[in-house]
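**Student:** Quick one: the structure is below, questions incoming.
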Amino acid sequence: MTTNDPAPKHVPVMLQRCMDALAPAISQPGAVVVDATLGLGGHSEALLTQFPEVRLVAVDRDPAALKLSGERLARFGDRATLVHAVYDEIPEVLERLGIPEVQGVLFDLGVSSMQLDEAERGFAYSQDAPLDMRMDQTRGLSAAEVLNTYTHGQLARILKVYGEERFAGKIASVIVREREKEPFTTSARLVDLVRNAIPAATRRTGGNPAKRTFQALRIEVNGELEVLDRAIPGALDALALGGRIVVMSYQSLEDRLVKQYLAAGATSTAPPGLPFVPEEHQPWLKLITRGAELATEEEIEENRRAAPVRLRVAERIRDRSTTRG
């Protein structure tokens, strides 16, 4: 990918499935849709093209993504508003824009294609690059700083919790030992150390053994789960009656968190045994997907990054004024 191409040849993950999921909520004139994870702008472009009366508010924490997408979406004029923000800031963004409620919100979680494809960002374990991993390179600790400054306990915790790594303690020990010889700066050295720290029998299955370590570092560097834990309630609160939220998660920790919030909104809060359920205790969300939907073979063929995706969709069925959420 070249960064001077305003419309990179990129197929967004599960594109038409997302459009179809949002369609019942955003087909009316004046509908507002939030693309919470703008990235290269593929989903946003499709929203603006397929729904000619939609107004788009798109946010991304990555200034480089905003620049590329701004070029890609320029032809839509003032129908598209692009904002440099993290997706847990959506309520504040909407308030600044004077938008009290929206008809749709789309989350395509994880790392954008641009971030994965640009080696110098340090997200990919398949090529040597500086250990950065910040989605917004203007703020926060880099992955190298995490590796070089965290205690053994802190490293073991993030590897175990965020990477679901069985050998978290052993890998943390190797990192602490090796950084005393030379601080970590690039990814190839870390990949080799992780591979050697994991038993040979385990290395034979499950792909690159460094995958879980890189996932854990990326989540820690960008505070992804903490941000998501704030972002989903904020997005749900912004939904108008009949509005829909569509979330694509790429790993189990994200999907578990999304599932909890959607399931809670779709469940009655009334004490058991009541002869009738007062309105304030009735569900205020309706689950459109039964559990999490997976990508089809065709969708994976279009974009291999769709393979791990778990898609969840919910609709607001009670007005915000009658809910406590």
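Every chain in the structure tokens has a letter given in the order shown (A, B, ...), and although residue numbers restart at 1 in each chain, ligands are simply numbered from 1 in the order shown.
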Counting only C-alpha atoms, what is within 7 Å of segment 18-28 of chain A, bar same-chain residues fewer than 3 positions away, as a VMD selection string?
**Tutor:** chain A and resid 14 to 15 31 47 51 54 103 to 104 242 to 244 246
**Student:** Taking the DSSP secondary structure from the backbone, can you list the residues of segment 189-297 of chain A that are strand (DSSP E or B), as JSON, numbers by chain?
**Tutor:** {"A": [239, 240, 241, 242, 243, 244, 245, 246, 247, 248, 249, 285, 286, 287, 293]}
**Student:** Next, write the just-selected residues to a file, as a compact mmCIF listing (two decimals), in the first residue's frame, keeping all heavy atoms as the atom set.
**Tutor:**
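Contents of out09.txt, freshly written:
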```txt
# COMPACT_ATOMS: atom_id res chain seq x y z
N LEU A 239 -27.85 5.95 20.76
CA LEU A 239 -28.78 5.41 19.78
C LEU A 239 -30.19 5.95 19.98
O LEU A 239 -30.73 5.95 21.08
CB LEU A 239 -28.84 3.88 19.86
CG LEU A 239 -27.72 3.06 19.21
CD1 LEU A 239 -28.03 1.58 19.37
CD2 LEU A 239 -27.55 3.42 17.74
N ALA A 240 -30.81 6.35 18.87
CA ALA A 240 -32.21 6.74 18.88
C ALA A 240 -33.08 5.48 18.91
O ALA A 240 -32.60 4.36 18.68
CB ALA A 240 -32.52 7.55 17.62
N LEU A 241 -34.36 5.65 19.17
CA LEU A 241 -35.30 4.54 19.11
C LEU A 241 -35.27 3.95 17.70
O LEU A 241 -35.37 4.67 16.70
CB LEU A 241 -36.71 5.03 19.43
CG LEU A 241 -37.82 3.97 19.48
CD1 LEU A 241 -37.57 2.98 20.60
CD2 LEU A 241 -39.18 4.65 19.64
N GLY A 242 -35.07 2.65 17.61
CA GLY A 242 -34.94 1.99 16.31
C GLY A 242 -33.53 2.01 15.75
O GLY A 242 -33.27 1.42 14.70
N GLY A 243 -32.61 2.68 16.46
CA GLY A 243 -31.22 2.73 16.01
C GLY A 243 -30.52 1.40 16.22
O GLY A 243 -30.90 0.61 17.10
N ARG A 244 -29.49 1.16 15.44
CA ARG A 244 -28.78 -0.12 15.51
C ARG A 244 -27.28 0.07 15.74
O ARG A 244 -26.69 1.03 15.25
CB ARG A 244 -28.98 -0.94 14.23
CG ARG A 244 -30.38 -1.52 14.11
CD ARG A 244 -30.45 -2.54 13.00
NE ARG A 244 -31.75 -3.24 13.01
CZ ARG A 244 -32.02 -4.32 12.28
NH1 ARG A 244 -31.08 -4.83 11.49
NH2 ARG A 244 -33.20 -4.90 12.35
N ILE A 245 -26.71 -0.87 16.49
CA ILE A 245 -25.27 -0.93 16.70
C ILE A 245 -24.76 -2.22 16.08
O ILE A 245 -25.37 -3.29 16.23
CB ILE A 245 -24.90 -0.85 18.20
CG1 ILE A 245 -23.38 -0.83 18.38
CG2 ILE A 245 -25.54 -1.99 19.00
CD1 ILE A 245 -22.94 -0.53 19.82
N VAL A 246 -23.66 -2.11 15.34
CA VAL A 246 -23.01 -3.26 14.69
C VAL A 246 -21.57 -3.29 15.18
O VAL A 246 -20.85 -2.29 15.06
CB VAL A 246 -23.05 -3.13 13.15
CG1 VAL A 246 -22.29 -4.28 12.49
CG2 VAL A 246 -24.49 -3.08 12.65
N VAL A 247 -21.16 -4.43 15.73
CA VAL A 247 -19.81 -4.55 16.28
C VAL A 247 -19.13 -5.79 15.70
O VAL A 247 -19.66 -6.89 15.79
CB VAL A 247 -19.80 -4.64 17.82
CG1 VAL A 247 -18.36 -4.61 18.34
CG2 VAL A 247 -20.62 -3.52 18.44
N MET A 248 -17.93 -5.57 15.14
CA MET A 248 -17.09 -6.69 14.70
C MET A 248 -15.89 -6.79 15.62
O MET A 248 -15.10 -5.85 15.73
CB MET A 248 -16.63 -6.46 13.26
CG MET A 248 -17.72 -6.66 12.23
SD MET A 248 -17.10 -6.48 10.53
CE MET A 248 -16.89 -4.70 10.44
N SER A 249 -15.78 -7.92 16.31
CA SER A 249 -14.67 -8.18 17.23
C SER A 249 -13.74 -9.22 16.61
O SER A 249 -14.19 -10.12 15.91
CB SER A 249 -15.19 -8.71 18.57
OG SER A 249 -16.12 -7.81 19.14
N LEU A 285 -32.98 -3.23 24.54
CA LEU A 285 -32.30 -3.64 23.32
C LEU A 285 -32.92 -4.94 22.80
O LEU A 285 -33.38 -5.77 23.58
CB LEU A 285 -30.81 -3.90 23.56
CG LEU A 285 -29.88 -2.71 23.78
CD1 LEU A 285 -28.46 -3.21 24.04
CD2 LEU A 285 -29.90 -1.75 22.61
N LYS A 286 -32.89 -5.09 21.48
CA LYS A 286 -33.28 -6.35 20.85
C LYS A 286 -32.06 -6.88 20.10
O LYS A 286 -31.43 -6.16 19.33
CB LYS A 286 -34.42 -6.12 19.85
CG LYS A 286 -34.80 -7.35 19.04
CD LYS A 286 -35.85 -6.98 18.00
CE LYS A 286 -36.20 -8.17 17.11
NZ LYS A 286 -37.16 -7.80 16.04
N LEU A 287 -31.69 -8.13 20.37
CA LEU A 287 -30.55 -8.74 19.70
C LEU A 287 -30.96 -9.17 18.29
O LEU A 287 -31.87 -9.99 18.14
CB LEU A 287 -30.03 -9.94 20.49
CG LEU A 287 -29.58 -9.64 21.93
CD1 LEU A 287 -29.05 -10.91 22.59
CD2 LEU A 287 -28.53 -8.53 21.97
N GLU A 293 -22.24 -13.84 14.86
CA GLU A 293 -22.18 -14.40 13.52
C GLU A 293 -20.74 -14.43 13.03
O GLU A 293 -19.95 -13.53 13.32
CB GLU A 293 -23.04 -13.57 12.56
CG GLU A 293 -24.53 -13.70 12.82
CD GLU A 293 -25.35 -12.97 11.76
OE1 GLU A 293 -24.75 -12.34 10.86
OE2 GLU A 293 -26.59 -13.03 11.82
```
**Student:** Find the residue from A:Phe107, A:Leu131, A:Ala216, A:Val309 that sits nearest to Gln154 of chain A; use only C-alpha atoms when measuring.
**Tutor:**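 Counting only C-alpha atoms, the residue closest to Gln154 of chain A is A:Ala216.
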**Student:** Could you check how far atom CA of Ala201 of chain A sits from atom CA of Ala168 of chain A, in Å to one decimal?
**Tutor:** 16.5 Å
**Student:** Find the spatial neighbours of Ile171 of chain A, counting only C-alpha atoms, within a cut-off of 10 Å - ignore same-chain residues fewer than 2 positions away - and output them as a list in words.
**Tutor:**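 My reading of the contact set: His152, Leu155, Ala156, Leu159, Glu165, Arg166, Phe167, Ala168, Gly169, Ser173, Val174, Ile175, Val176, Arg177, Leu190, Leu193, Val194, Arg195, Asn196, Ala197, Ile198 and Thr213 of chain A.
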**Student:** Can I get the selected residues back with C-alpha atoms, as a JSON list (two decimals), in the first residue's frame?
**Tutor:**
```json
[["chain", "number", "residue", "atom", "x", "y", "z"],
["A", 152, "HIS", "CA", 7.99, -8.96, 35.54],
["A", 155, "LEU", "CA", 4.41, -8.12, 31.83],
["A", 156, "ALA", "CA", 3.19, -11.56, 32.91],
["A", 159, "LEU", "CA", 0.54, -11.51, 28.44],
["A", 165, "GLU", "CA", -0.73, -16.80, 26.75],
["A", 166, "ARG", "CA", -0.13, -20.05, 28.68],
["A", 167, "PHE", "CA", 3.58, -19.33, 29.06],
["A", 168, "ALA", "CA", 3.20, -15.70, 30.17],
["A", 169, "GLY", "CA", 5.48, -16.01, 33.19],
["A", 173, "SER", "CA", 11.21, -13.72, 32.59],
["A", 174, "VAL", "CA", 13.02, -13.91, 29.25],
["A", 175, "ILE", "CA", 12.04, -10.32, 28.41],
["A", 176, "VAL", "CA", 13.29, -9.00, 31.76],
["A", 177, "ARG", "CA", 16.55, -10.94, 31.46],
["A", 190, "LEU", "CA", 11.15, -10.19, 20.42],
["A", 193, "LEU", "CA", 12.83, -14.72, 22.09],
["A", 194, "VAL", "CA", 9.14, -15.65, 22.37],
["A", 195, "ARG", "CA", 9.56, -18.55, 19.96],
["A", 196, "ASN", "CA", 12.48, -19.92, 21.97],
["A", 197, "ALA", "CA", 10.63, -19.48, 25.28],
["A", 198, "ILE", "CA", 7.73, -21.66, 24.18],
["A", 213, "THR", "CA", 2.44, -11.62, 22.81]]
```
**Student:** May I have the residues within 10 Å of segment 179-185 of chain A as a PyMOL selection string, using only C-alpha atoms and disregarding those fewer than 2 positions away in the same chain?
**Tutor:** chain A and resi 129-132+142-149+174-177+187-190
**Student:** Identify, with DSSP run on backbone atoms, the residues in segment 22-237 of chain A assigned to alpha helix (DSSP H), and express the list as a count of residues only.
**Tutor:** 109
**Student:** Please list as a list in words every residue within 6 Å of segment 82-89 of chain A, counting only C-alpha atoms and excluding residues in the same chain fewer than 5 positions away.
**Tutor:**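 Contacts, in chain order: Ala36, Ala58, Val59, Asp60, Arg61, Val227, Arg230 and Ala231 of chain A.
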**Student:** Write to file, as a PDB file, in the first residue's frame, the residues of the selection just made, with C-alpha atoms.
**Tutor:**
```
ATOM      1  CA  ALA A  36     -16.393   4.493  15.354  1.00  0.00           C
ATOM      2  CA  ALA A  58     -16.407   9.099  11.645  1.00  0.00           C
ATOM      3  CA  VAL A  59     -13.728   8.982  14.323  1.00  0.00           C
ATOM      4  CA  ASP A  60     -10.229   7.563  14.454  1.00  0.00           C
ATOM      5  CA  ARG A  61      -7.326   8.009  16.841  1.00  0.00           C
ATOM      6  CA  VAL A 227     -11.575   2.113  25.952  1.00  0.00           C
ATOM      7  CA  ARG A 230     -16.439   2.864  28.008  1.00  0.00           C
ATOM      8  CA  ALA A 231     -17.232   3.039  24.306  1.00  0.00           C
TER       9      ALA A 231
END
```
**Student:** Need to verify the contact set: Glu301 of chain A, 12 Å, only C-alpha atoms, exclusion of same-chain residues closer than 4 positions in sequence. Can you return it as a PyMOL selection string?
**Tutor:** chain A and resi 11-14+295-297+305-307
**Student:** Those same residues, written as an mmCIF file, in the first residue's frame with N, CA and C atoms?
**Tutor:**
```
data_model
loop_
_atom_site.group_PDB
_atom_site.id
_atom_site.type_symbol
_atom_site.label_atom_id
_atom_site.label_comp_id
_atom_site.auth_asym_id
_atom_site.auth_seq_id
_atom_site.Cartn_x
_atom_site.Cartn_y
_atom_site.Cartn_z
ATOM 1 N N VAL A 11 -10.615 -4.302 0.503
ATOM 2 C CA VAL A 11 -11.993 -4.766 0.687
ATOM 3 C C VAL A 11 -12.295 -4.781 2.177
ATOM 4 N N PRO A 12 -13.172 -3.911 2.655
ATOM 5 C CA PRO A 12 -13.486 -3.886 4.086
ATOM 6 C C PRO A 12 -14.087 -5.211 4.548
ATOM 7 N N VAL A 13 -13.848 -5.539 5.801
ATOM 8 C CA VAL A 13 -14.313 -6.802 6.364
ATOM 9 C C VAL A 13 -15.842 -6.846 6.425
ATOM 10 N N MET A 14 -16.414 -7.921 5.878
ATOM 11 C CA MET A 14 -17.863 -8.193 5.946
ATOM 12 C C MET A 14 -18.688 -6.951 5.581
ATOM 13 N N ALA A 295 -17.862 -15.021 9.737
ATOM 14 C CA ALA A 295 -17.709 -14.718 8.318
ATOM 15 C C ALA A 295 -17.958 -15.965 7.488
ATOM 16 N N THR A 296 -18.541 -15.765 6.302
ATOM 17 C CA THR A 296 -18.722 -16.875 5.370
ATOM 18 C C THR A 296 -17.409 -17.142 4.644
ATOM 19 N N GLU A 297 -17.355 -18.262 3.945
ATOM 20 C CA GLU A 297 -16.157 -18.575 3.160
ATOM 21 C C GLU A 297 -15.907 -17.491 2.118
ATOM 22 N N ARG A 305 -8.716 -11.254 6.597
ATOM 23 C CA ARG A 305 -8.785 -10.751 7.966
ATOM 24 C C ARG A 305 -10.180 -10.900 8.567
ATOM 25 N N ALA A 306 -11.132 -11.351 7.770
ATOM 26 C CA ALA A 306 -12.473 -11.614 8.290
ATOM 27 C C ALA A 306 -12.544 -12.942 9.047
ATOM 28 N N ALA A 307 -11.535 -13.794 8.893
ATOM 29 C CA ALA A 307 -11.600 -15.147 9.450
ATOM 30 C C ALA A 307 -11.933 -15.197 10.937
#
```
**Student:** What does the distance between atom CA of Leu40 of chain A and atom CA of Asp108 of chain A come to in Å, to one decimal place?
**Tutor:**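 For atom CA of Leu40 of chain A relative to atom CA of Asp108 of chain A, the distance reads 11.4 Å.
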**Student:** Could you jot down the atom CA of Ala46 of chain A to atom CA of Pro29 of chain A separation for me, Å, one decimal place?
**Tutor:** 16.8 Å
**Student:** With distances taken over only C-alpha atoms, which of A:Glu254, A:Glu164, A:Asp237, A:Glu220 is nearest to Glu92 of chain A?
**Tutor:**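 Ranked by minimum distance to Glu92 of chain A, first place goes to A:Asp237.
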**Student:** Rank nothing, just name the residue among A:Met135, A:Val33, A:Leu109, A:Ile317 nearest to Pro283 of chain A, using only C-alpha atoms.
**Tutor:**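 Looking at the shortest contact to Pro283 of chain A, the residue is A:Ile317.
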**Student:** Mind checking which residues fall within 7 Å of Ala292 of chain A, counting only C-alpha atoms, ignoring those fewer than 4 positions away in the same chain, and posting them as a VMD selection string?
**Tutor:** chain A and resid 310 to 312
